[in-house]
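Q: For reference, the file final_8.cif (mmCIF, C-alpha atoms and all ligand atoms) is included below:
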```
data_work
#
loop_
_atom_site.label_atom_id
_atom_site.label_comp_id
_atom_site.auth_asym_id
_atom_site.auth_seq_id
_atom_site.Cartn_x
_atom_site.Cartn_y
_atom_site.Cartn_z
CA MET A 11 -18.06 -10.71 -1.34
CA ALA A 12 -16.23 -10.31 -4.68
CA LYS A 13 -12.79 -11.92 -4.63
CA ILE A 14 -9.82 -11.08 -6.82
CA LYS A 15 -7.98 -13.92 -8.52
CA ILE A 16 -5.14 -15.06 -6.27
CA SER A 17 -2.86 -15.28 -9.34
CA ALA A 18 -3.36 -11.53 -9.93
CA VAL A 19 -2.05 -10.56 -6.48
CA PRO A 20 1.71 -10.41 -7.34
CA SER A 21 0.90 -8.34 -10.46
CA ILE A 22 -1.20 -5.91 -8.43
CA ARG A 23 1.61 -5.61 -5.88
CA ARG A 24 4.09 -4.73 -8.66
CA LEU A 25 1.91 -2.04 -10.29
CA PRO A 26 2.85 0.76 -7.84
CA SER A 27 6.56 0.36 -8.61
CA TYR A 28 5.77 0.44 -12.34
CA LEU A 29 3.82 3.63 -11.77
CA HIS A 30 6.74 5.16 -9.90
CA THR A 31 9.18 4.30 -12.69
CA ILE A 32 6.83 5.47 -15.43
CA ARG A 33 6.29 8.81 -13.67
CA GLN A 34 10.07 9.32 -13.49
CA TYR A 35 10.31 8.85 -17.27
CA GLN A 36 7.38 11.19 -17.76
CA HIS A 37 9.21 13.90 -15.75
CA GLU A 38 12.20 13.43 -18.02
CA GLY A 39 9.98 14.24 -20.99
CA SER A 40 9.56 10.77 -22.54
CA GLU A 41 6.31 10.04 -24.36
CA PHE A 42 6.60 6.27 -24.67
CA ILE A 43 8.08 3.57 -22.48
CA SER A 44 8.72 -0.06 -23.36
CA GLY A 45 8.03 -3.06 -21.16
CA THR A 46 11.70 -3.95 -21.57
CA LEU A 47 12.82 -0.62 -20.12
CA ILE A 48 10.49 -0.93 -17.12
CA ALA A 49 11.78 -4.48 -16.64
CA GLN A 50 15.40 -3.28 -16.72
CA GLU A 51 14.70 -0.55 -14.18
CA LEU A 52 13.05 -2.96 -11.77
CA ASN A 53 15.14 -6.04 -12.39
CA LEU A 54 12.24 -8.06 -13.78
CA GLU A 55 11.59 -10.09 -16.92
CA PRO A 56 10.02 -8.06 -19.79
CA ILE A 57 7.37 -10.75 -20.33
CA GLN A 58 6.35 -10.41 -16.69
CA VAL A 59 5.99 -6.63 -17.00
CA ARG A 60 3.89 -6.94 -20.16
CA LYS A 61 1.65 -9.54 -18.51
CA ASP A 62 1.23 -7.37 -15.42
CA LEU A 63 0.38 -4.28 -17.45
CA ALA A 64 -2.14 -6.24 -19.52
CA ILE A 65 -4.41 -6.58 -16.46
CA THR A 66 -5.00 -2.81 -16.62
CA GLY A 67 -6.36 -3.23 -20.15
CA ILE A 68 -3.60 -1.23 -21.86
CA ILE A 69 -1.95 -2.51 -25.03
CA GLY A 70 1.55 -1.45 -26.06
CA LYS A 71 2.52 -0.43 -29.62
CA PRO A 72 5.06 -2.63 -31.40
CA LYS A 73 8.57 -1.07 -31.30
CA LYS A 74 7.33 2.03 -29.43
CA GLY A 75 5.97 0.56 -26.22
CA TYR A 76 3.27 2.21 -24.14
CA PRO A 77 2.19 5.84 -24.36
CA LEU A 78 3.20 7.17 -20.92
CA GLU A 79 0.19 9.32 -20.22
CA ALA A 80 -2.29 6.56 -21.15
CA LEU A 81 -0.31 4.00 -19.18
CA ILE A 82 -0.38 6.10 -16.02
CA ILE A 83 -4.12 6.65 -16.41
CA ALA A 84 -4.74 2.93 -17.01
CA ILE A 85 -2.76 1.84 -13.93
CA GLU A 86 -4.31 4.51 -11.69
CA ARG A 87 -7.80 3.63 -12.88
CA PHE A 88 -7.20 -0.09 -12.36
CA LEU A 89 -5.92 0.53 -8.83
CA GLY A 90 -8.72 2.96 -8.08
CA TRP A 91 -6.14 5.67 -7.42
CA ASP A 92 -7.73 8.10 -9.86
CA SER A 93 -10.36 9.15 -7.33
CA PRO A 94 -9.58 10.47 -3.85
CA GLN A 95 -10.18 8.14 -0.91
CA ASP A 96 -10.62 9.62 2.55
CA VAL A 97 -9.34 7.34 5.30
CA VAL A 98 -8.91 7.50 9.07
CA LEU A 99 -5.89 6.24 10.98
CA ILE A 100 -6.16 4.71 14.43
CA GLY A 101 -3.05 4.72 16.66
CA VAL A 102 -0.74 7.70 16.18
CA GLY A 103 2.44 6.03 17.44
CA ASN A 104 5.72 5.36 15.64
CA LEU A 105 4.20 3.62 12.64
CA GLY A 106 1.02 5.68 12.49
CA THR A 107 3.02 8.93 12.53
CA ALA A 108 5.32 7.66 9.78
CA LEU A 109 2.35 6.71 7.58
CA MET A 110 0.73 10.09 8.18
CA GLY A 111 3.92 11.79 7.00
CA TYR A 112 4.30 9.70 3.85
CA GLN A 113 3.86 12.25 1.06
CA GLU A 114 3.60 9.64 -1.71
CA PHE A 115 0.09 8.64 -0.54
CA GLN A 116 -1.27 11.82 -2.15
CA PHE A 117 -0.37 10.31 -5.53
CA HIS A 118 -2.43 7.25 -4.65
CA GLY A 119 -5.52 9.31 -3.94
CA LEU A 120 -5.17 8.30 -0.29
CA ASN A 121 -6.06 11.11 2.11
CA ILE A 122 -5.70 10.56 5.86
CA MET A 123 -8.37 13.04 6.88
CA ALA A 124 -8.43 12.25 10.61
CA ALA A 125 -6.47 10.27 13.17
CA PHE A 126 -7.45 8.86 16.54
CA ASP A 127 -5.45 7.95 19.62
CA LYS A 128 -6.31 7.25 23.22
CA ASN A 129 -3.24 8.92 24.76
CA PRO A 130 -4.40 12.24 26.32
CA GLU A 131 -1.01 13.80 25.51
CA LYS A 132 -1.55 13.17 21.81
CA ILE A 133 -5.24 14.12 21.58
CA GLY A 134 -5.63 17.64 20.19
CA THR A 135 -2.11 17.76 18.73
CA THR A 136 -1.48 18.07 15.01
CA VAL A 137 0.61 15.45 13.27
CA HIS A 138 1.67 16.15 9.68
CA GLY A 139 -1.23 18.57 9.36
CA VAL A 140 -3.86 16.20 10.77
CA THR A 141 -5.50 16.76 14.17
CA VAL A 142 -5.39 13.78 16.52
CA LEU A 143 -8.88 13.06 17.87
CA ASP A 144 -9.95 11.17 20.96
CA ALA A 145 -10.30 7.43 20.24
CA ASN A 146 -13.27 7.32 22.61
CA THR A 147 -15.24 9.41 20.10
CA MET A 148 -14.10 7.34 17.12
CA GLY A 149 -17.40 5.59 16.37
CA ILE A 150 -19.57 8.67 16.19
CA GLN A 151 -16.96 10.77 14.38
CA ILE A 152 -16.33 8.17 11.69
CA ARG A 153 -20.04 7.82 11.12
CA ASN A 154 -20.33 11.61 10.78
CA PHE A 155 -17.37 11.78 8.37
CA GLY A 156 -18.90 8.97 6.30
CA VAL A 157 -15.42 7.46 5.90
CA LYS A 158 -15.29 3.84 4.79
CA VAL A 159 -11.59 2.94 5.10
CA ALA A 160 -9.34 2.80 8.16
CA ILE A 161 -5.64 2.25 8.75
CA LEU A 162 -5.05 0.28 11.93
CA THR A 163 -1.80 0.98 13.78
CA VAL A 164 -2.75 0.38 17.41
CA PRO A 165 -0.87 -2.11 19.60
CA SER A 166 -2.00 -5.64 18.78
CA THR A 167 -3.74 -6.08 22.13
CA PHE A 168 -6.24 -3.38 21.14
CA ALA A 169 -6.64 -4.44 17.51
CA GLN A 170 -9.84 -6.47 17.76
CA GLU A 171 -11.74 -4.15 20.09
CA THR A 172 -10.81 -1.17 17.87
CA THR A 173 -11.92 -3.11 14.79
CA ASP A 174 -15.29 -3.87 16.35
CA VAL A 175 -15.88 -0.14 16.83
CA LEU A 176 -14.71 0.61 13.28
CA VAL A 177 -17.04 -1.98 11.75
CA GLU A 178 -19.94 -0.72 13.85
CA ALA A 179 -19.19 2.80 12.54
CA GLY A 180 -19.48 1.66 8.91
CA ILE A 181 -15.85 0.99 7.98
CA VAL A 182 -15.71 -1.60 5.17
CA GLY A 183 -11.96 -1.65 4.39
CA ILE A 184 -9.19 -2.03 6.97
CA TRP A 185 -5.48 -1.73 6.21
CA ASN A 186 -4.28 -3.75 9.17
CA PHE A 187 -0.68 -3.25 10.31
CA THR A 188 -1.10 -5.17 13.55
CA ASN A 189 -0.17 -8.84 13.70
CA VAL A 190 -3.71 -9.85 14.67
CA LYS A 191 -5.98 -11.88 12.38
CA LEU A 192 -9.05 -9.71 12.76
CA LYS A 193 -12.53 -11.14 12.99
CA VAL A 194 -14.84 -9.12 10.76
CA PRO A 195 -18.18 -9.65 9.00
CA ASP A 196 -18.09 -10.92 5.40
CA GLN A 197 -18.65 -7.53 3.82
CA VAL A 198 -15.55 -6.03 5.47
CA ILE A 199 -12.23 -6.40 3.67
CA VAL A 200 -9.03 -6.58 5.68
CA GLN A 201 -5.62 -6.20 4.09
CA LYS A 202 -2.93 -7.31 6.53
CA GLU A 203 0.47 -5.73 6.04
CA ASN A 204 3.74 -7.15 7.21
CA LEU A 205 6.98 -5.28 6.58
CA SER A 206 8.91 -8.37 7.68
CA SER A 207 7.86 -10.28 4.55
CA GLY A 208 9.84 -7.83 2.40
CA TYR A 209 12.82 -8.23 4.69
CA ALA A 210 12.45 -12.03 4.55
CA LEU A 211 12.65 -11.87 0.76
CA LEU A 212 15.77 -9.68 0.96
CA CYS A 213 17.47 -12.16 3.30
CA VAL A 214 16.66 -15.20 1.18
CA THR A 215 17.77 -13.43 -2.02
CA MET A 216 21.05 -12.45 -0.35
CA GLN A 217 21.57 -16.05 0.78
CA ALA A 218 20.93 -17.27 -2.77
CA ASN A 219 23.43 -14.71 -4.11
CA ARG A 220 26.07 -15.84 -1.64
CA MET A 221 25.50 -19.44 -2.74
CA ASP A 222 25.96 -18.39 -6.38
CA GLU A 223 29.17 -16.51 -5.59
CA GLY A 224 30.49 -19.52 -3.71
CA ASN A 225 29.95 -21.70 -6.81
CA GLY A 226 27.13 -23.58 -5.23
CA LYS A 227 28.69 -23.67 -1.77
CA ASN A 228 26.98 -21.81 1.01
CA PHE A 229 29.98 -20.36 2.86
CA ARG A 230 28.01 -18.60 5.60
P1 LIG A 301 3.39 2.61 19.26
O1 LIG A 301 3.27 2.09 20.64
O2 LIG A 301 4.45 3.58 18.91
O3 LIG A 301 1.99 3.31 18.84
C1 LIG A 301 0.73 2.81 19.17
C2 LIG A 301 -0.22 4.01 19.33
O4 LIG A 301 -1.53 3.53 19.51
C3 LIG A 301 0.10 4.88 20.54
O5 LIG A 301 0.10 6.24 20.17
C4 LIG A 301 -1.02 4.57 21.51
O6 LIG A 301 -1.34 5.67 22.36
C5 LIG A 301 -2.15 4.26 20.56
N1 LIG A 301 -3.21 3.43 21.12
C6 LIG A 301 -3.11 2.42 22.02
N2 LIG A 301 -4.31 1.86 22.23
C7 LIG A 301 -5.18 2.55 21.44
C8 LIG A 301 -6.57 2.45 21.24
N3 LIG A 301 -7.32 1.53 21.85
N4 LIG A 301 -7.17 3.32 20.37
C9 LIG A 301 -6.42 4.24 19.73
N5 LIG A 301 -5.09 4.39 19.90
C10 LIG A 301 -4.49 3.54 20.74
O7 LIG A 301 3.44 1.34 18.33
P2 LIG A 301 4.01 1.24 16.82
O8 LIG A 301 5.43 0.86 16.87
O9 LIG A 301 3.60 2.44 16.04
O10 LIG A 301 3.21 -0.02 16.28
C11 LIG A 301 1.81 0.08 16.09
C12 LIG A 301 1.26 -1.24 15.59
O11 LIG A 301 1.83 -1.51 14.32
C13 LIG A 301 1.58 -2.44 16.46
O12 LIG A 301 0.49 -3.32 16.44
C14 LIG A 301 2.79 -3.07 15.80
O13 LIG A 301 2.89 -4.43 16.05
C15 LIG A 301 2.46 -2.80 14.35
N6 LIG A 301 3.59 -2.73 13.44
C16 LIG A 301 3.49 -3.43 12.30
C17 LIG A 301 4.47 -3.41 11.34
C18 LIG A 301 4.24 -4.18 10.10
O14 LIG A 301 5.16 -4.52 9.39
N7 LIG A 301 3.02 -4.51 9.78
C19 LIG A 301 5.62 -2.66 11.55
C20 LIG A 301 5.72 -1.93 12.72
C21 LIG A 301 4.69 -1.98 13.66
#
```
Any chance you could give the structure as structure tokens?

A:
Amino acid sequence: MAKIKISAVPSIRRLPSYLHTIRQYQHEGSEFISGTLIAQELNLEPIQVRKDLAITGIIGKPKKGYPLEALIIAIERFLGWDSPQDVVLIGVGNLGTALMGYQEFQFHGLNIMAAFDKNPEKIGTTVHGVTVLDANTMGIQIRNFGVKVAILTVPSTFAQETTDVLVEAGIVGIWNFTNVKLKVPDQVIVQKENLSSGYALLCVTMQANRMDEGNGKNFR
């Protein structure tokens, strides 16, 4: 299985926020944007932004910066967001429902075309325009849809058994929101998501700030 360079991971994670900022400037009618401006907006170092953007293959013009339109295209192409990706979501609970309602995904080419749950009260209902299907029919339906990517938002206790069905149905990419380290064959890629890691970073940054304000003394 092809692996991305581990050193590229933080850059890839920053690209969506660059895209968001760049789009805002595009709406305001700008034609160029500098790495310095993006850095200011996102509280980053300009050198970091330029390095990150370089992985998309785009080169900025001295004094002018990057042409907005070309920059958006380069980032979207690099991320694979320039072509639509149908996905299924398993587990239409609190998190699953929130993800289904997240309008921004449409700008990432991500289309949740079906959702599955095992709760009879949810099956047949429509959530954010998507019909909830019976999880017992998941394998056959996914195979019929030909979908290759799944979002996993079931309770952790059901994560592995659900994954086994997904893999059997031909899923090759799983965006895993459960806290389970899934066992999958080599050809299947799992991206595990943890909202707590963002919160951890917030807490540590706040602690560091408090230490700075206290002239080196942590007064907590
Ligand atoms: P929830 O209980 O609200 O929703 C779970 C849904 O899954 C329910 O609708 C339930 O009927 C359905 N379900 C249960 N077993 C199923 C099965 N075998 N097949 C299909 N559907 C099934 O839970 P939640 O708060 O939405 O959390 C969902 C998952 O996401 C949990 O594993 C939780 O730990 C995780 N989570 C992760 C993060 C994160 O940062 N990664 C944040 C919140 C929640």

Q: Just want the residues within 6 Å of ligand LIG 301 (chain A), written as a compact mmCIF listing (two decimals) with C-alpha atoms, in the coordinates of the input, counting all atoms listed in the file.

A:
```txt
# COMPACT_ATOMS: atom_id res chain seq x y z
CA ILE A 100 -6.16 4.71 14.43
CA GLY A 101 -3.05 4.72 16.66
CA VAL A 102 -0.74 7.70 16.18
CA GLY A 103 2.44 6.03 17.44
CA ASN A 104 5.72 5.36 15.64
CA LEU A 105 4.20 3.62 12.64
CA GLY A 106 1.02 5.68 12.49
CA PHE A 126 -7.45 8.86 16.54
CA ASP A 127 -5.45 7.95 19.62
CA LYS A 128 -6.31 7.25 23.22
CA ASN A 129 -3.24 8.92 24.76
CA ALA A 145 -10.30 7.43 20.24
CA THR A 163 -1.80 0.98 13.78
CA VAL A 164 -2.75 0.38 17.41
CA PRO A 165 -0.87 -2.11 19.60
CA SER A 166 -2.00 -5.64 18.78
CA PHE A 168 -6.24 -3.38 21.14
CA THR A 172 -10.81 -1.17 17.87
CA PHE A 187 -0.68 -3.25 10.31
CA THR A 188 -1.10 -5.17 13.55
CA ASN A 189 -0.17 -8.84 13.70
CA GLU A 203 0.47 -5.73 6.04
CA ASN A 204 3.74 -7.15 7.21
CA LEU A 205 6.98 -5.28 6.58
CA SER A 206 8.91 -8.37 7.68
```

Q: To one decimal place, how far is atom CA of A:Gly90 from atom CA of A:Phe115 in Å?

A: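 These atoms are spaced 12.9 Å apart.
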
Q: What separation in Å, quoted to one decimal, exists between atom CA of A:Glu55 and atom CA of A:Ser21?

A: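 Separation of atom CA of A:Glu55 and atom CA of A:Ser21: 12.6 Å.
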
Q: Of the candidates A:Val142, A:Ile82, A:Ala49, A:Ile161, which one gets nearest to A:Leu120 if we count all atoms listed in the file?

A: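 Checking each candidate against A:Leu120, we get A:Ile161 as the closest.
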
Q: Figure out the distance between atom CA of A:Ser207 and atom CA of A:Ile184, please, to one decimal in Å.

A: 19.1 Å

Q: Which residue, A:Thr215, A:Gln170, A:Asn121, A:Asn53, has the smallest gap to A:Val190 when you use only C-alpha atoms?

A: A:Gln170

Q: Which is closer to A:Leu162 than all the others in A:Gly149, A:Pro56, A:Gly139, A:Gly183, using only C-alpha atoms?

A: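 Closest candidate: A:Gly183.
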
Q: Would you mind writing stretch 64-76 of chain A with N, CA, C and O atoms, as a PDB file, keeping the file's coordinate frame?

A:
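Written file, result_22.pdb:
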```
ATOM      1  N   ALA A  64      -0.949  -5.832 -18.755  1.00  0.00           N
ATOM      2  CA  ALA A  64      -2.140  -6.240 -19.520  1.00  0.00           C
ATOM      3  C   ALA A  64      -3.384  -6.272 -18.622  1.00  0.00           C
ATOM      4  O   ALA A  64      -4.501  -6.049 -19.107  1.00  0.00           O
ATOM      5  N   ILE A  65      -3.207  -6.511 -17.326  1.00  0.00           N
ATOM      6  CA  ILE A  65      -4.410  -6.580 -16.460  1.00  0.00           C
ATOM      7  C   ILE A  65      -5.091  -5.220 -16.332  1.00  0.00           C
ATOM      8  O   ILE A  65      -6.239  -5.138 -15.936  1.00  0.00           O
ATOM      9  N   THR A  66      -4.374  -4.142 -16.687  1.00  0.00           N
ATOM     10  CA  THR A  66      -5.000  -2.810 -16.620  1.00  0.00           C
ATOM     11  C   THR A  66      -5.782  -2.528 -17.894  1.00  0.00           C
ATOM     12  O   THR A  66      -6.468  -1.522 -17.996  1.00  0.00           O
ATOM     13  N   GLY A  67      -5.617  -3.397 -18.897  1.00  0.00           N
ATOM     14  CA  GLY A  67      -6.360  -3.230 -20.150  1.00  0.00           C
ATOM     15  C   GLY A  67      -5.565  -2.491 -21.215  1.00  0.00           C
ATOM     16  O   GLY A  67      -6.024  -2.353 -22.346  1.00  0.00           O
ATOM     17  N   ILE A  68      -4.373  -2.007 -20.885  1.00  0.00           N
ATOM     18  CA  ILE A  68      -3.600  -1.230 -21.860  1.00  0.00           C
ATOM     19  C   ILE A  68      -2.821  -2.161 -22.796  1.00  0.00           C
ATOM     20  O   ILE A  68      -2.361  -3.229 -22.381  1.00  0.00           O
ATOM     21  N   ILE A  69      -2.708  -1.722 -24.051  1.00  0.00           N
ATOM     22  CA  ILE A  69      -1.950  -2.510 -25.030  1.00  0.00           C
ATOM     23  C   ILE A  69      -0.821  -1.647 -25.570  1.00  0.00           C
ATOM     24  O   ILE A  69      -1.044  -0.494 -25.966  1.00  0.00           O
ATOM     25  N   GLY A  70       0.384  -2.192 -25.559  1.00  0.00           N
ATOM     26  CA  GLY A  70       1.550  -1.450 -26.060  1.00  0.00           C
ATOM     27  C   GLY A  70       1.600  -1.448 -27.580  1.00  0.00           C
ATOM     28  O   GLY A  70       0.965  -2.284 -28.228  1.00  0.00           O
ATOM     29  N   LYS A  71       2.358  -0.471 -28.162  1.00  0.00           N
ATOM     30  CA  LYS A  71       2.520  -0.430 -29.620  1.00  0.00           C
ATOM     31  C   LYS A  71       3.832  -1.095 -29.976  1.00  0.00           C
ATOM     32  O   LYS A  71       4.855  -0.817 -29.318  1.00  0.00           O
ATOM     33  N   PRO A  72       3.824  -1.963 -31.023  1.00  0.00           N
ATOM     34  CA  PRO A  72       5.060  -2.630 -31.400  1.00  0.00           C
ATOM     35  C   PRO A  72       6.181  -1.603 -31.653  1.00  0.00           C
ATOM     36  O   PRO A  72       5.933  -0.560 -32.233  1.00  0.00           O
ATOM     37  N   LYS A  73       7.354  -1.890 -31.167  1.00  0.00           N
ATOM     38  CA  LYS A  73       8.570  -1.070 -31.300  1.00  0.00           C
ATOM     39  C   LYS A  73       8.563   0.210 -30.456  1.00  0.00           C
ATOM     40  O   LYS A  73       9.603   0.700 -30.080  1.00  0.00           O
ATOM     41  N   LYS A  74       7.379   0.765 -30.169  1.00  0.00           N
ATOM     42  CA  LYS A  74       7.330   2.030 -29.430  1.00  0.00           C
ATOM     43  C   LYS A  74       7.099   1.817 -27.935  1.00  0.00           C
ATOM     44  O   LYS A  74       7.580   2.573 -27.105  1.00  0.00           O
ATOM     45  N   GLY A  75       6.317   0.806 -27.621  1.00  0.00           N
ATOM     46  CA  GLY A  75       5.970   0.560 -26.220  1.00  0.00           C
ATOM     47  C   GLY A  75       4.635   1.182 -25.865  1.00  0.00           C
ATOM     48  O   GLY A  75       3.728   1.243 -26.691  1.00  0.00           O
ATOM     49  N   TYR A  76       4.544   1.679 -24.642  1.00  0.00           N
ATOM     50  CA  TYR A  76       3.270   2.210 -24.140  1.00  0.00           C
ATOM     51  C   TYR A  76       3.315   3.734 -24.123  1.00  0.00           C
ATOM     52  O   TYR A  76       4.320   4.306 -23.677  1.00  0.00           O
TER      53      TYR A  76
END
```
